[in-house]
Each structure stands twice: as C-alpha cells, then as structure tokens.
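Coordinates as given in my_file_36.cif (mmCIF, C-alpha atoms):
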data_coords
#
loop_
_atom_site.group_PDB
_atom_site.id
_atom_site.type_symbol
_atom_site.label_atom_id
_atom_site.label_comp_id
_atom_site.auth_asym_id
_atom_site.auth_seq_id
_atom_site.Cartn_x
_atom_site.Cartn_y
_atom_site.Cartn_z
ATOM 1 C CA MET A 1 205.473 1.035 127.239
ATOM 2 C CA ALA A 2 204.418 1.834 123.678
ATOM 3 C CA PHE A 3 203.389 5.362 124.678
ATOM 4 C CA ALA A 4 206.720 5.955 126.415
ATOM 5 C CA LEU A 5 208.631 4.611 123.417
ATOM 6 C CA ALA A 6 206.645 6.815 121.031
ATOM 7 C CA GLY A 7 207.335 9.824 123.256
ATOM 8 C CA ALA A 8 211.035 9.027 123.312
ATOM 9 C CA PHE A 9 211.183 8.798 119.518
ATOM 10 C CA ALA A 10 209.193 12.027 119.162
ATOM 11 C CA GLY A 11 211.563 13.785 121.546
ATOM 12 C CA LEU A 12 214.580 12.478 119.660
ATOM 13 C CA ALA A 13 213.086 13.599 116.354
ATOM 14 C CA GLY A 14 212.384 17.056 117.754
ATOM 15 C CA ALA A 15 215.887 17.369 119.139
ATOM 16 C CA LEU A 16 217.442 16.309 115.839
ATOM 17 C CA TYR A 17 215.193 18.715 113.931
ATOM 18 C CA ALA A 18 216.118 21.631 116.199
ATOM 19 C CA PHE A 19 219.800 20.715 115.915
ATOM 20 C CA SER A 20 219.674 20.528 112.114
ATOM 21 C CA LYS A 21 217.814 23.844 111.716
ATOM 22 C CA GLY A 22 219.667 25.715 114.439
ATOM 23 C CA SER A 23 216.491 26.902 116.151
ATOM 24 C CA ILE A 24 212.839 26.033 116.593
ATOM 25 C CA ALA A 25 209.764 28.242 116.449
ATOM 26 C CA PRO A 26 206.076 27.631 117.229
ATOM 27 C CA ASP A 27 205.094 28.053 113.580
ATOM 28 C CA THR A 28 207.165 24.985 112.696
ATOM 29 C CA LEU A 29 204.322 22.693 113.748
ATOM 30 C CA THR A 30 201.246 24.273 112.233
ATOM 31 C CA ILE A 31 198.011 22.526 111.275
ATOM 32 C CA PRO A 32 199.161 21.813 107.673
ATOM 33 C CA ARG A 33 202.158 19.904 109.061
ATOM 34 C CA SER A 34 199.920 17.580 111.063
ATOM 35 C CA VAL A 35 197.695 17.123 108.017
ATOM 36 C CA ASP A 36 200.795 16.136 106.044
ATOM 37 C CA ALA A 37 201.349 13.232 108.429
ATOM 38 C CA LEU A 38 197.772 12.040 107.932
ATOM 39 C CA VAL A 39 198.119 12.334 104.162
ATOM 40 C CA MET A 40 201.296 10.249 104.281
ATOM 41 C CA VAL A 41 199.430 7.469 106.080
ATOM 42 C CA LEU A 42 196.469 7.732 103.699
ATOM 43 C CA VAL A 43 198.654 7.616 100.588
ATOM 44 C CA GLY A 44 200.748 4.736 101.884
ATOM 45 C CA GLY A 45 197.913 2.620 103.205
ATOM 46 C CA LEU A 46 196.773 1.453 106.596
ATOM 47 C CA ASN A 47 197.128 -2.295 106.142
ATOM 48 C CA SER A 48 200.772 -2.700 107.031
ATOM 49 C CA LEU A 49 203.651 -1.032 108.822
ATOM 50 C CA ALA A 50 205.410 -0.394 105.521
ATOM 51 C CA GLY A 51 202.412 1.473 104.084
ATOM 52 C CA PRO A 52 202.908 4.743 105.993
ATOM 53 C CA LEU A 53 206.655 4.539 105.331
ATOM 54 C CA LEU A 54 205.961 4.225 101.604
ATOM 55 C CA GLY A 55 203.468 7.066 101.858
ATOM 56 C CA ALA A 56 205.985 9.298 103.628
ATOM 57 C CA ALA A 57 208.612 8.568 100.991
ATOM 58 C CA ALA A 58 206.172 9.131 98.114
ATOM 59 C CA PHE A 59 204.777 12.338 99.639
ATOM 60 C CA THR A 60 208.238 13.766 100.303
ATOM 61 C CA VAL A 61 209.576 12.929 96.838
ATOM 62 C CA LEU A 62 206.407 14.245 95.196
ATOM 63 C CA GLN A 63 206.457 17.459 97.207
ATOM 64 C CA ASP A 64 210.165 18.097 96.629
ATOM 65 C CA SER A 65 210.090 17.386 92.901
ATOM 66 C CA LEU A 66 206.944 19.420 92.248
ATOM 67 C CA ALA A 67 208.161 22.340 94.375
ATOM 68 C CA ARG A 68 211.186 22.602 92.100
ATOM 69 C CA ALA A 69 209.188 22.169 88.897
ATOM 70 C CA THR A 70 206.280 24.576 89.246
ATOM 71 C CA GLU A 71 205.127 27.619 91.137
ATOM 72 C CA TYR A 72 201.766 25.981 91.806
ATOM 73 C CA TRP A 73 203.246 22.929 93.450
ATOM 74 C CA ARG A 74 200.647 22.783 96.222
ATOM 75 C CA SER A 75 197.866 22.366 93.671
ATOM 76 C CA ALA A 76 199.885 19.743 91.820
ATOM 77 C CA VAL A 77 200.591 17.819 95.039
ATOM 78 C CA GLY A 78 196.886 17.960 95.941
ATOM 79 C CA ALA A 79 195.879 16.675 92.513
ATOM 80 C CA ALA A 80 198.456 13.878 92.672
ATOM 81 C CA ILE A 81 197.280 12.827 96.131
ATOM 82 C CA LEU A 82 193.687 12.869 94.948
ATOM 83 C CA LEU A 83 194.569 10.632 91.984
ATOM 84 C CA ILE A 84 196.524 8.222 94.189
ATOM 85 C CA VAL A 85 193.637 7.937 96.641
ATOM 86 C CA LEU A 86 191.097 7.457 93.833
ATOM 87 C CA PHE A 87 193.064 4.851 91.876
ATOM 88 C CA PHE A 88 194.613 3.087 94.877
ATOM 89 C CA PRO A 89 191.997 3.131 97.662
ATOM 90 C CA MET A 90 194.116 0.807 99.828
ATOM 91 C CA GLY A 91 197.156 3.073 99.389
ATOM 92 C CA ILE A 92 200.452 2.397 97.708
ATOM 93 C CA GLY A 93 201.270 -0.402 100.145
ATOM 94 C CA GLY A 94 197.931 -2.104 99.467
ATOM 95 C CA ALA A 95 198.463 -1.794 95.715
ATOM 96 C CA LEU A 96 201.910 -3.361 96.027
ATOM 97 C CA GLN A 97 200.514 -6.211 98.142
ATOM 98 C CA TRP A 98 197.798 -6.816 95.537
ATOM 99 C CA LEU A 99 200.362 -6.735 92.722
ATOM 100 C CA LEU A 100 202.674 -9.186 94.511
ATOM 101 C CA ALA A 101 199.762 -11.549 95.219
ATOM 102 C CA ARG A 102 198.741 -11.335 91.555
ATOM 103 C CA VAL A 103 202.268 -12.085 90.337
ATOM 104 C CA ARG A 104 202.624 -15.097 92.672
ATOM 105 C CA ARG A 105 199.551 -16.793 91.229
#

As structure tokens, what does this structure read like?
Amino acid sequence: MAFALAGAFAGLAGALYAFSKGSIAPDTLTIPRSVDALVMVLVGGLNSLAGPLLGAAAFTVLQDSLARATEYWRSAVGAAILLIVLFFPMGIGGALQWLLARVRR
C-alpha cells in the first residue's frame, strides 16, 4: 500500500511538473537531481518526518538566493551544506528538537 501510494504521488508530481514546464526531457532527471534529494534529507535530518521537509525548504531557499547573488553559487551551496552538516550532525530538524528540549527545561 505504501509503495502504491508513493508511486501515485510520484506520478502526480511528474504530471504537475510536465504541465508547469510545458514539456519533459530525459535530462530533467540527471544524477545531480537525485543527489539533491539526498542532500535535502541529510540537511533536514533523519529523525522525524519534518526533517526532510525542513531540509528541502532550506536547500531550495539557499540555492535560489545564492544563485541570484553570485556566479559561483554551486560552490557556495556546497560550502553551506558542508557547514550545516558539520555544525548540525542531526540536521536542522534535530537541532530544532534539541533547542526546543533545552528551552522546555
């Protein structure tokens, strides 16, 4: 059931993407795109469902803002991801959980 539901959501996402762009090509889903999804999960954290969502939001905002700001945005995004992973080993979601637990004490 979970596999069928995931397939249905993936199909819906693909259909919406093709509709929004007007066409679809094989180079749309290259290896760097699949690595982006893994980076989003890594940045957000694996401990909760909200972690990858936070990681996707942070990665997208970071990528969009740095792409507008500098020509070397890929290097800047890589450095930012490296710093996030080094300073927050449990991801952004794990850091927020730790911070909330610390505040509640």

For Leu46 of chain A, the nearest of the candidates A:Leu83, A:Val61, A:Met90, A:Val77, counting only C-alpha atoms: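 Among the listed residues, the smallest separation from Leu46 of chain A belongs to A:Met90.
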
List as a PDB file with C-alpha atoms, in the coordinates of the input the residues having at least one atom at most 12 Å from position (193.8, 2.8, 106.6) as given in the file, counting only C-alpha atoms.
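See point-v8.pdb below for the written result:
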ATOM      1  CA  LEU A  38     197.772  12.040 107.932  1.00  0.00           C
ATOM      2  CA  VAL A  39     198.119  12.334 104.162  1.00  0.00           C
ATOM      3  CA  MET A  40     201.296  10.249 104.281  1.00  0.00           C
ATOM      4  CA  VAL A  41     199.430   7.469 106.080  1.00  0.00           C
ATOM      5  CA  LEU A  42     196.469   7.732 103.699  1.00  0.00           C
ATOM      6  CA  VAL A  43     198.654   7.616 100.588  1.00  0.00           C
ATOM      7  CA  GLY A  44     200.748   4.736 101.884  1.00  0.00           C
ATOM      8  CA  GLY A  45     197.913   2.620 103.205  1.00  0.00           C
ATOM      9  CA  LEU A  46     196.773   1.453 106.596  1.00  0.00           C
ATOM     10  CA  ASN A  47     197.128  -2.295 106.142  1.00  0.00           C
ATOM     11  CA  SER A  48     200.772  -2.700 107.031  1.00  0.00           C
ATOM     12  CA  LEU A  49     203.651  -1.032 108.822  1.00  0.00           C
ATOM     13  CA  GLY A  51     202.412   1.473 104.084  1.00  0.00           C
ATOM     14  CA  PRO A  52     202.908   4.743 105.993  1.00  0.00           C
ATOM     15  CA  GLY A  55     203.468   7.066 101.858  1.00  0.00           C
ATOM     16  CA  VAL A  85     193.637   7.937  96.641  1.00  0.00           C
ATOM     17  CA  PHE A  88     194.613   3.087  94.877  1.00  0.00           C
ATOM     18  CA  PRO A  89     191.997   3.131  97.662  1.00  0.00           C
ATOM     19  CA  MET A  90     194.116   0.807  99.828  1.00  0.00           C
ATOM     20  CA  GLY A  91     197.156   3.073  99.389  1.00  0.00           C
ATOM     21  CA  ILE A  92     200.452   2.397  97.708  1.00  0.00           C
ATOM     22  CA  GLY A  93     201.270  -0.402 100.145  1.00  0.00           C
ATOM     23  CA  GLY A  94     197.931  -2.104  99.467  1.00  0.00           C
TER      24      GLY A  94
END

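Across the structure, atom CA of Ala56 of chain A and atom CA of Ala37 of chain A are spaced 7.7 Å apart.
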
Point-to-point distance from atom CA of Ala79 of chain A to atom CA of Thr60 of chain A, Å rounded to tenths: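 Answer for the atom CA of Ala79 of chain A to atom CA of Thr60 of chain A separation: 14.9 Å.
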
Between atom CA of Arg68 of chain A and atom CA of Ile81 of chain A, distance in Å (one decimal): 17.5 Å

Need the axis-aligned box for segment 92-95 of chain A with 5 Å each side, so what are the centre and edges in Å to one decimal, as AutoDock Vina command-line options?
--center_x 199.6 --center_y 0.1 --center_z 97.9 --size_x 13.3 --size_y 14.5 --size_z 14.4
